>>> print(open('protein.cif').read())   # mmCIF, C-alpha atoms
data_upload
loop_
_atom_site.label_atom_id
_atom_site.label_comp_id
_atom_site.auth_asym_id
_atom_site.auth_seq_id
_atom_site.Cartn_x
_atom_site.Cartn_y
_atom_site.Cartn_z
CA MET A 292 36.68 -40.56 -7.08
CA LYS A 293 39.25 -37.80 -7.52
CA LYS A 294 39.42 -35.11 -4.89
CA HIS A 295 38.32 -32.24 -7.14
CA ASN A 296 35.41 -34.32 -8.49
CA LEU A 297 34.37 -35.17 -4.95
CA PHE A 298 34.57 -31.49 -4.03
CA TYR A 299 32.28 -30.44 -6.93
CA PHE A 300 29.91 -33.32 -6.14
CA LEU A 301 29.57 -32.17 -2.53
CA ILE A 302 29.06 -28.54 -3.61
CA SER A 303 26.33 -29.59 -6.05
CA LEU A 304 24.67 -31.73 -3.41
CA SER A 305 24.69 -28.82 -0.97
CA PHE A 306 23.24 -26.49 -3.59
CA VAL A 307 20.38 -28.90 -4.32
CA SER A 308 19.70 -29.24 -0.60
CA ILE A 309 19.53 -25.46 -0.22
CA LEU A 310 17.08 -25.19 -3.13
CA GLN A 311 14.90 -27.91 -1.68
CA SER A 312 15.00 -26.29 1.75
CA CYS A 313 14.01 -22.90 0.32
CA GLY A 314 11.23 -24.49 -1.69
CA GLU A 315 9.97 -26.36 1.35
CA LYS A 316 9.97 -23.18 3.47
CA LYS A 317 8.06 -21.23 0.81
CA ALA A 318 5.63 -24.08 0.39
CA GLN A 319 5.14 -24.33 4.14
CA LYS A 320 4.49 -20.58 4.34
CA ASN A 321 1.90 -20.75 1.56
CA GLU A 322 0.32 -23.89 3.02
CA ASN A 323 0.01 -22.15 6.39
CA LYS A 324 -1.63 -19.24 4.61
CA ALA A 325 -4.04 -21.60 2.86
CA ASP A 326 -4.90 -23.35 6.14
CA SER A 327 -5.49 -20.12 8.09
CA PRO A 328 -9.06 -18.87 8.62
CA ALA A 329 -10.53 -16.51 6.05
CA ILE A 330 -10.36 -12.79 6.79
CA HIS A 331 -13.51 -10.70 6.44
CA THR A 332 -12.54 -7.04 6.09
CA LEU A 333 -15.20 -4.42 6.87
CA ILE A 334 -14.46 -0.82 5.97
CA PHE A 335 -16.80 1.99 6.98
CA ILE A 336 -16.14 5.18 5.01
CA ASP A 337 -17.62 8.41 6.35
CA LYS A 338 -19.73 10.05 3.63
CA THR A 339 -21.10 12.93 5.67
CA ALA A 340 -20.40 16.64 5.42
CA SER A 341 -17.81 16.60 8.22
CA VAL A 342 -15.25 14.48 6.35
CA ASP A 343 -13.75 15.88 3.15
CA VAL A 344 -11.72 13.25 1.27
CA SER A 345 -10.74 15.85 -1.34
CA LYS A 346 -8.35 17.50 1.14
CA PRO A 347 -4.77 16.43 0.26
CA PHE A 348 -3.90 15.17 3.77
CA VAL A 349 -7.11 13.15 4.11
CA ALA A 350 -6.89 11.78 0.57
CA GLN A 351 -3.29 10.62 1.03
CA LYS A 352 -3.90 9.10 4.46
CA TYR A 353 -7.00 7.20 3.40
CA GLN A 354 -5.55 6.01 0.09
CA GLN A 355 -2.46 4.68 1.87
CA ALA A 356 -4.67 3.05 4.49
CA LEU A 357 -6.74 1.24 1.84
CA ASN A 358 -3.60 0.04 0.06
CA SER A 359 -2.16 -1.35 3.29
CA ILE A 360 -5.43 -2.98 4.38
CA ILE A 361 -5.86 -4.76 1.05
CA GLU A 362 -2.21 -5.85 0.94
CA GLU A 363 -2.45 -7.31 4.45
CA ASN A 364 -5.92 -8.87 4.45
CA LEU A 365 -6.46 -10.13 0.90
CA ARG A 366 -4.28 -13.26 0.85
CA LYS A 367 -6.19 -16.27 -0.43
CA SER A 368 -9.45 -17.72 -1.69
CA GLY A 369 -12.33 -16.94 0.66
CA ASP A 370 -11.01 -13.68 2.07
CA LYS A 371 -13.82 -11.12 1.82
CA PHE A 372 -13.67 -7.35 1.43
CA GLU A 373 -16.67 -5.07 2.02
CA ILE A 374 -17.21 -1.33 2.17
CA TYR A 375 -20.12 0.45 3.84
CA TYR A 376 -20.80 4.16 3.75
CA ILE A 377 -21.35 5.92 7.06
CA HIS A 378 -24.25 8.36 6.81
CA GLU A 379 -27.87 8.61 7.94
CA ASN A 380 -28.60 5.04 6.74
CA THR A 381 -25.33 3.22 7.49
CA ALA A 382 -26.96 -0.21 7.88
CA LYS A 383 -28.04 -0.05 4.22
CA GLY A 384 -24.85 1.64 3.05
CA ARG A 385 -22.98 -1.34 1.59
CA CYS A 386 -21.41 -0.24 -1.68
CA LEU A 387 -18.80 -2.94 -2.35
CA SER A 388 -18.53 -6.67 -1.64
CA LEU A 389 -15.77 -8.78 -3.18
CA THR A 390 -14.38 -12.24 -2.39
CA CYS A 391 -10.85 -13.35 -3.20
CA ARG A 392 -10.62 -16.28 -5.63
CA THR A 393 -6.89 -16.92 -5.77
CA GLU A 394 -6.13 -20.42 -4.49
CA MET A 395 -2.81 -21.96 -3.56
CA GLU A 396 -2.61 -25.44 -5.05
CA SER A 397 -1.30 -28.38 -3.08
CA THR A 398 2.50 -28.47 -3.06
CA GLU A 399 2.81 -32.08 -1.97
CA GLY A 400 5.47 -33.95 -3.93
CA MET A 401 6.69 -30.90 -5.87
CA ASN A 402 10.35 -30.29 -6.50
CA ALA A 403 12.04 -26.93 -5.92
CA THR A 404 11.59 -25.77 -9.53
CA ASP A 405 7.86 -26.52 -9.60
CA LEU A 406 7.40 -24.93 -6.20
CA GLU A 407 9.03 -21.73 -7.42
CA ALA A 408 6.88 -21.69 -10.56
CA LEU A 409 3.72 -22.22 -8.50
CA LYS A 410 4.66 -19.43 -6.10
CA THR A 411 5.32 -17.05 -9.00
CA PHE A 412 1.92 -17.84 -10.52
CA TYR A 413 0.22 -17.41 -7.14
CA ASP A 414 1.92 -14.06 -6.48
CA LEU A 415 0.92 -12.77 -9.91
CA SER A 416 -2.69 -13.85 -9.46
CA ILE A 417 -3.10 -12.38 -5.96
CA ARG A 418 -1.44 -9.15 -7.10
CA LYS A 419 -4.00 -8.80 -9.91
CA GLU A 420 -6.86 -9.33 -7.46
CA ARG A 421 -5.45 -6.78 -5.03
CA THR A 422 -5.04 -4.24 -7.84
CA PHE A 423 -8.66 -4.72 -8.88
CA VAL A 424 -9.98 -4.44 -5.31
CA THR A 425 -7.85 -1.34 -4.68
CA LYS A 426 -9.21 0.35 -7.78
CA GLN A 427 -12.79 -0.38 -6.69
CA ALA A 428 -12.13 0.74 -3.12
CA LEU A 429 -10.55 4.05 -4.19
CA ALA A 430 -13.53 4.76 -6.44
CA ARG A 431 -15.84 4.34 -3.41
CA LEU A 432 -13.57 6.50 -1.28
CA ASN A 433 -13.59 9.36 -3.78
CA ALA A 434 -17.32 9.22 -4.59
CA GLN A 435 -19.24 12.30 -3.47
CA ASN A 436 -22.41 12.09 -1.40
CA ASP A 437 -24.59 15.08 -2.19
CA ASN A 438 -27.79 13.41 -0.96
CA ALA A 439 -29.72 14.26 2.19
CA SER A 440 -28.13 11.23 3.90
CA ASN A 441 -24.93 13.27 4.47
CA ARG A 442 -26.63 15.31 7.19
CA GLU A 443 -26.43 12.62 9.88
CA THR A 444 -23.60 10.32 10.96
CA ASN A 445 -24.93 7.04 12.33
CA ILE A 446 -21.82 5.12 13.37
CA LEU A 447 -23.66 3.05 15.98
CA ALA A 448 -25.63 1.45 13.13
CA SER A 449 -22.40 -0.31 12.12
CA LEU A 450 -22.55 -2.55 15.21
CA PRO A 451 -25.28 -4.92 13.91
CA VAL A 452 -23.37 -5.14 10.62
CA ILE A 453 -20.23 -6.28 12.47
CA ALA A 454 -22.23 -8.78 14.52
CA LYS A 455 -23.77 -10.27 11.38
CA VAL A 456 -20.38 -10.70 9.72
CA SER A 457 -18.99 -12.30 12.90
CA GLU A 458 -21.45 -15.17 12.51
CA SER A 459 -19.41 -16.53 9.59
CA GLY A 460 -16.53 -17.66 11.79
CA ALA A 461 -14.02 -15.65 9.77
CA VAL A 462 -11.39 -13.41 11.33
CA VAL A 463 -13.12 -10.02 11.26
CA LYS A 464 -11.13 -6.81 10.83
CA VAL A 465 -13.00 -3.52 10.99
CA TYR A 466 -11.73 -0.13 9.84
CA TYR A 467 -13.49 3.20 10.30
CA LEU A 468 -12.33 5.91 7.90
CA SER A 469 -14.16 8.59 9.83
CA ASP A 470 -13.88 11.44 12.32
CA MET A 471 -16.05 9.24 14.60
CA VAL A 472 -18.37 12.15 15.34
CA GLU A 473 -21.72 10.46 15.89
CA SER A 474 -24.44 12.92 14.92
CA VAL A 475 -28.00 11.61 14.99
CA LYS A 476 -30.94 13.88 15.78
CA SER A 477 -32.78 11.17 17.72
CA GLY A 478 -29.67 9.94 19.57
CA ARG A 479 -26.08 10.96 20.35
CA ASP A 480 -25.02 14.17 18.63
CA PHE A 481 -21.33 14.82 19.23
CA GLN A 482 -21.51 17.63 16.70
CA THR A 483 -23.48 19.76 19.15
CA LYS A 484 -22.83 17.96 22.44
CA PRO A 485 -19.62 15.93 22.75
CA PRO A 486 -18.66 14.36 26.11
CA LYS A 487 -17.43 17.14 28.38
CA ASP A 488 -14.68 14.97 29.92
CA ASP A 489 -13.34 11.41 30.13
CA ALA A 490 -15.75 10.42 32.90
CA GLU A 491 -18.77 11.42 30.86
CA ALA A 492 -17.38 9.67 27.78
CA GLU A 493 -17.02 6.44 29.78
CA ASN A 494 -20.49 6.74 31.29
CA TRP A 495 -22.11 7.34 27.90
CA ALA A 496 -20.19 4.43 26.40
CA LYS A 497 -21.36 2.11 29.15
CA ALA A 498 -24.99 3.23 28.78
CA ASP A 499 -24.97 2.86 24.99
CA ALA A 500 -23.23 -0.53 25.11
CA GLU A 501 -26.12 -1.76 27.27
CA LYS A 502 -28.48 -1.13 24.32
CA TYR A 503 -26.39 -3.48 22.13
CA LYS A 504 -25.52 -6.12 24.73
CA GLU A 505 -27.38 -8.82 22.77
CA LEU A 506 -25.01 -8.44 19.83
CA ALA A 507 -22.20 -11.00 19.57
CA LEU A 508 -19.32 -9.05 18.01
CA ASN A 509 -16.85 -11.86 18.84
CA SER A 510 -14.01 -9.39 19.44
CA PRO A 511 -12.95 -8.26 15.95
CA ASP A 512 -9.88 -6.09 15.42
CA ILE A 513 -11.10 -2.49 15.16
CA SER A 514 -9.14 0.49 13.83
CA MET A 515 -10.34 4.09 13.84
CA ILE A 516 -8.46 5.92 11.08
CA LEU A 517 -9.08 9.58 11.76
CA PRO A 518 -8.84 12.33 9.10
CA PHE A 519 -7.10 14.86 11.36
CA GLU A 520 -3.66 16.35 10.87
CA PRO A 521 -1.18 16.17 13.79
CA THR A 522 -1.63 19.93 14.37
CA SER A 523 -5.42 19.66 14.82
CA SER A 524 -6.93 21.37 17.85
CA ILE A 525 -8.81 19.59 20.65
CA LYS A 526 -12.03 21.12 19.35
CA GLU A 527 -11.49 19.47 15.96
CA ASN A 528 -9.94 16.18 17.10
CA ASN A 529 -11.67 15.71 20.45
CA PRO A 530 -9.99 12.92 22.50
CA THR A 531 -13.12 12.36 24.60
CA ILE A 532 -14.97 11.23 21.45
CA THR A 533 -12.43 8.54 20.54
CA LEU A 534 -12.32 7.51 24.21
CA TYR A 535 -16.10 7.05 24.07
CA TRP A 536 -15.72 4.63 21.14
CA SER A 537 -12.84 2.72 22.72
CA LYS A 538 -14.86 2.23 25.91
CA LEU A 539 -18.02 1.35 23.98
CA PHE A 540 -16.22 -1.42 22.07
CA GLU A 541 -14.52 -2.56 25.27
CA ASN A 542 -17.92 -2.86 27.00
CA LEU A 543 -19.05 -5.00 24.05
CA GLY A 544 -16.14 -7.39 24.54
CA VAL A 545 -13.78 -5.97 21.90
CA MET A 546 -10.26 -5.81 23.30
CA ASN A 547 -8.22 -4.83 20.25
CA VAL A 548 -9.14 -1.23 19.37
CA GLN A 549 -6.62 1.19 17.94
CA GLU A 550 -6.68 4.81 16.83
CA LEU A 551 -4.62 5.74 13.80
#
>>> encode(input="protein.cif", output="structure tokens")
Amino acid sequence: MKKHNLFYFLISLSFVSILQSCGEKKAQKNENKADSPAIHTLIFIDKTASVDVSKPFVAQKYQQALNSIIEENLRKSGDKFEIYYIHENTAKGRCLSLTCRTEMESTEGMNATDLEALKTFYDLSIRKERTFVTKQALARLNAQNDNASNRETNILASLPVIAKVSESGAVVKVYYLSDMVESVKSGRDFQTKPPKDDAEAENWAKADAEKYKELALNSPDISMILPFEPTSSIKENNPTITLYWSKLFENLGVMNVQEL
């Protein structure tokens, strides 16, 4: 074989190897995604008088949050996405429940070209599903609640909902789009009596966690996405209230709690 022919042969062989390697890596990534446990996303949107999603800052923050959550958690067939409204009757506040249907077919025996075509089809399909879910989620976010249920904020009622979802064995991710101001006439009312300091917040959290100790939350990831601007005062964005929730979840065995 002539030298220049040998050179082109080796270049072509290297190029094919690179394509196969890329295809195998993409396939492995998608196969890992297909083999991973389903994600069950729970979003609790505050629909009480204290949270106004029509304010530009709140609207932008919560819309961006929903976009990011859906992009991250809706990946494959079986992933579930649910929204509950927080108000007087939070336990009965489910307003959206959707399950992803996009499946990644088996890539065994496929060449690089077929792998690329399959990935393109998969990406297009999952993008369509995410767009649909996002549209539905934003509609729920922007819906107004003018009913009497907006007078109380029963966030504690979300705990049995989380426990029920945890029974499925899915990876549970919980997001509160709320000011986290519990306000129930027959229970905690942070609107009129928030914890006076960190010690009281921790004591209240411990006492309230005792009431829910029979619940198996199975340590979901929990995010509290607050509607406050960075310039908010302590009176508006009270750190003892978010500390109460962090300690409450911690006492219930939840170790991954973040405030956004």
>>> residues_near_point(input="protein.cif", point="(-22.2, -6.4, 24.5)", cutoff="8 Å", atoms="only C-alpha atoms", output="ChimeraX atom specification")
/A:500-501,503-508,542-544
>>> residues_around(input="protein.cif", residues="A:Lys367", least_positions_apart="5", cutoff="7 Å", atoms="all atoms listed in the file", output="VMD selection string")
chain A and resid 325 391 to 394
>>> closest_residue(input="protein.cif", among="A:Glu473, A:Asp370, A:Glu399, A:Glu520", to="A:Pro486", atoms="all atoms listed in the file")
A:Glu473
>>> resolve_selection(input="protein.cif", expression="the PyMOL selection byres ((chain A and resi 365) around 10)", output="ChimeraX atom specification")
/A:329-332,360-364,366-372,390-393,417-418,420-421,424
>>> closest_residue(input="protein.cif", among="A:Gln427, A:Gln355, A:Thr381, A:Ser416", to="A:Pro451", atoms="all atoms listed in the file")
A:Thr381
>>> residues_around(input="protein.cif", residues="A:Asp437", least_positions_apart="3", cutoff="10 Å", atoms="only C-alpha atoms", output="list of chain:residue names")
A:Lys338, A:Thr339, A:Ala340, A:Ala434, A:Ser440, A:Asn441, A:Arg442
>>> residues_around(input="protein.cif", residues="stretch 530-536 of chain A", least_positions_apart="2", cutoff="6 Å", atoms="only C-alpha atoms", output="ChimeraX atom specification")
/A:489,492-493,496,538-539
>>> atom_distance(input="protein.cif", atom1="atom CA of A:Lys455", atom2="atom CA of A:Ser537")
20.4 Å
>>> residues_around(input="protein.cif", residues="A:Asp512", least_positions_apart="5", cutoff="10 Å", atoms="all atoms listed in the file", output="count of residues only")
11
>>> resolve_selection(input="protein.cif", expression="the PyMOL selection byres ((chain A and resi 386) around 6)", output="ChimeraX atom specification")
/A:374-375,385,387
>>> atom_distance(input="protein.cif", atom1="atom CA of A:Val452", atom2="atom CA of A:Lys419")
28.5 Å
>>> atom_distance(input="protein.cif", atom1="atom CA of A:Leu468", atom2="atom CA of A:His378")
12.2 Å
>>> closest_residue(input="protein.cif", among="A:Thr404, A:Ser449, A:Thr444, A:Ser345", to="A:Ile513", atoms="all atoms listed in the file")
A:Ser449
>>> build_atoms(input="protein.cif", residues="stretch 412-423 of chain A", atoms="all heavy atoms", output="CSV table (one decimal), keeping the file's coordinate frame")
chain,number,residue,atom,x,y,z
A,412,PHE,N,3.3,-17.9,-10.0
A,412,PHE,CA,1.9,-17.8,-10.5
A,412,PHE,C,0.9,-17.3,-9.5
A,412,PHE,O,0.1,-16.5,-9.7
A,412,PHE,CB,1.5,-19.2,-11.0
A,412,PHE,CG,0.1,-19.2,-11.5
A,412,PHE,CD1,-0.3,-18.8,-12.8
A,412,PHE,CD2,-1.0,-19.7,-10.7
A,412,PHE,CE1,-1.6,-18.8,-13.2
A,412,PHE,CE2,-2.3,-19.7,-11.2
A,412,PHE,CZ,-2.6,-19.3,-12.4
A,413,TYR,N,1.1,-17.8,-8.2
A,413,TYR,CA,0.2,-17.4,-7.1
A,413,TYR,C,0.4,-15.9,-6.9
A,413,TYR,O,-0.6,-15.2,-6.7
A,413,TYR,CB,0.5,-18.2,-5.9
A,413,TYR,CG,-0.1,-17.7,-4.6
A,413,TYR,CD1,-1.5,-18.1,-4.3
A,413,TYR,CD2,0.5,-16.8,-3.8
A,413,TYR,CE1,-2.1,-17.6,-3.2
A,413,TYR,CE2,-0.1,-16.3,-2.7
A,413,TYR,CZ,-1.4,-16.7,-2.4
A,413,TYR,OH,-2.0,-16.2,-1.3
A,414,ASP,N,1.6,-15.5,-6.8
A,414,ASP,CA,1.9,-14.1,-6.5
A,414,ASP,C,1.3,-13.1,-7.6
A,414,ASP,O,0.8,-12.1,-7.2
A,414,ASP,CB,3.4,-13.8,-6.4
A,414,ASP,CG,4.0,-14.4,-5.1
A,414,ASP,OD1,3.2,-14.7,-4.2
A,414,ASP,OD2,5.2,-14.6,-5.0
A,415,LEU,N,1.5,-13.6,-8.8
A,415,LEU,CA,0.9,-12.8,-9.9
A,415,LEU,C,-0.6,-12.7,-9.8
A,415,LEU,O,-1.2,-11.6,-10.0
A,415,LEU,CB,1.3,-13.4,-11.3
A,415,LEU,CG,0.8,-12.7,-12.5
A,415,LEU,CD1,1.4,-11.3,-12.6
A,415,LEU,CD2,1.2,-13.5,-13.8
A,416,SER,N,-1.2,-13.8,-9.5
A,416,SER,CA,-2.7,-13.8,-9.5
A,416,SER,C,-3.2,-13.0,-8.3
A,416,SER,O,-4.2,-12.2,-8.5
A,416,SER,CB,-3.2,-15.3,-9.3
A,416,SER,OG,-4.6,-15.4,-9.2
A,417,ILE,N,-2.6,-13.1,-7.1
A,417,ILE,CA,-3.1,-12.4,-6.0
A,417,ILE,C,-2.8,-10.9,-6.1
A,417,ILE,O,-3.6,-10.0,-5.7
A,417,ILE,CB,-2.5,-12.9,-4.6
A,417,ILE,CG1,-3.3,-12.4,-3.4
A,417,ILE,CG2,-1.0,-12.5,-4.5
A,417,ILE,CD1,-4.6,-13.0,-3.3
A,418,ARG,N,-1.7,-10.6,-6.8
A,418,ARG,CA,-1.4,-9.2,-7.1
A,418,ARG,C,-2.5,-8.5,-8.0
A,418,ARG,O,-2.9,-7.4,-7.8
A,418,ARG,CB,0.0,-9.0,-7.7
A,418,ARG,CG,0.6,-7.7,-7.6
A,418,ARG,CD,2.1,-7.7,-7.6
A,418,ARG,NE,2.6,-8.4,-8.8
A,418,ARG,CZ,3.4,-9.5,-8.7
A,418,ARG,NH1,3.8,-9.9,-7.5
A,418,ARG,NH2,3.9,-10.1,-9.7
A,419,LYS,N,-2.9,-9.3,-9.0
A,419,LYS,CA,-4.0,-8.8,-9.9
A,419,LYS,C,-5.3,-8.6,-9.1
A,419,LYS,O,-6.0,-7.6,-9.4
A,419,LYS,CB,-4.2,-9.8,-11.0
A,419,LYS,CG,-3.2,-9.8,-12.1
A,419,LYS,CD,-3.5,-10.8,-13.2
A,419,LYS,CE,-2.5,-10.8,-14.3
A,419,LYS,NZ,-2.8,-11.8,-15.4
A,420,GLU,N,-5.6,-9.5,-8.2
A,420,GLU,CA,-6.9,-9.3,-7.5
A,420,GLU,C,-6.8,-8.1,-6.6
A,420,GLU,O,-7.7,-7.3,-6.4
A,420,GLU,CB,-7.1,-10.6,-6.6
A,420,GLU,CG,-7.7,-11.7,-7.4
A,420,GLU,CD,-8.7,-12.6,-6.6
A,420,GLU,OE1,-9.7,-12.1,-6.2
A,420,GLU,OE2,-8.4,-13.8,-6.4
A,421,ARG,N,-5.6,-7.9,-5.9
A,421,ARG,CA,-5.4,-6.8,-5.0
A,421,ARG,C,-5.6,-5.5,-5.8
A,421,ARG,O,-6.1,-4.5,-5.3
A,421,ARG,CB,-4.1,-6.9,-4.3
A,421,ARG,CG,-4.1,-7.9,-3.2
A,421,ARG,CD,-2.6,-8.1,-2.7
A,421,ARG,NE,-2.6,-9.1,-1.6
A,421,ARG,CZ,-1.5,-9.6,-1.2
A,421,ARG,NH1,-0.3,-9.3,-1.8
A,421,ARG,NH2,-1.5,-10.5,-0.2
A,422,THR,N,-5.0,-5.4,-7.0
A,422,THR,CA,-5.0,-4.2,-7.8
A,422,THR,C,-6.5,-3.9,-8.2
A,422,THR,O,-6.9,-2.7,-8.1
A,422,THR,CB,-4.2,-4.4,-9.1
A,422,THR,OG1,-2.8,-4.7,-8.8
A,422,THR,CG2,-4.3,-3.2,-10.0
A,423,PHE,N,-7.3,-4.9,-8.5
A,423,PHE,CA,-8.7,-4.7,-8.9
A,423,PHE,C,-9.5,-4.2,-7.7
A,423,PHE,O,-10.2,-3.2,-7.8
A,423,PHE,CB,-9.3,-6.0,-9.4
A,423,PHE,CG,-10.8,-5.9,-9.7
A,423,PHE,CD1,-11.2,-5.3,-10.8
A,423,PHE,CD2,-11.7,-6.4,-8.8
A,423,PHE,CE1,-12.6,-5.2,-11.1
A,423,PHE,CE2,-13.1,-6.3,-9.0
A,423,PHE,CZ,-13.5,-5.7,-10.2
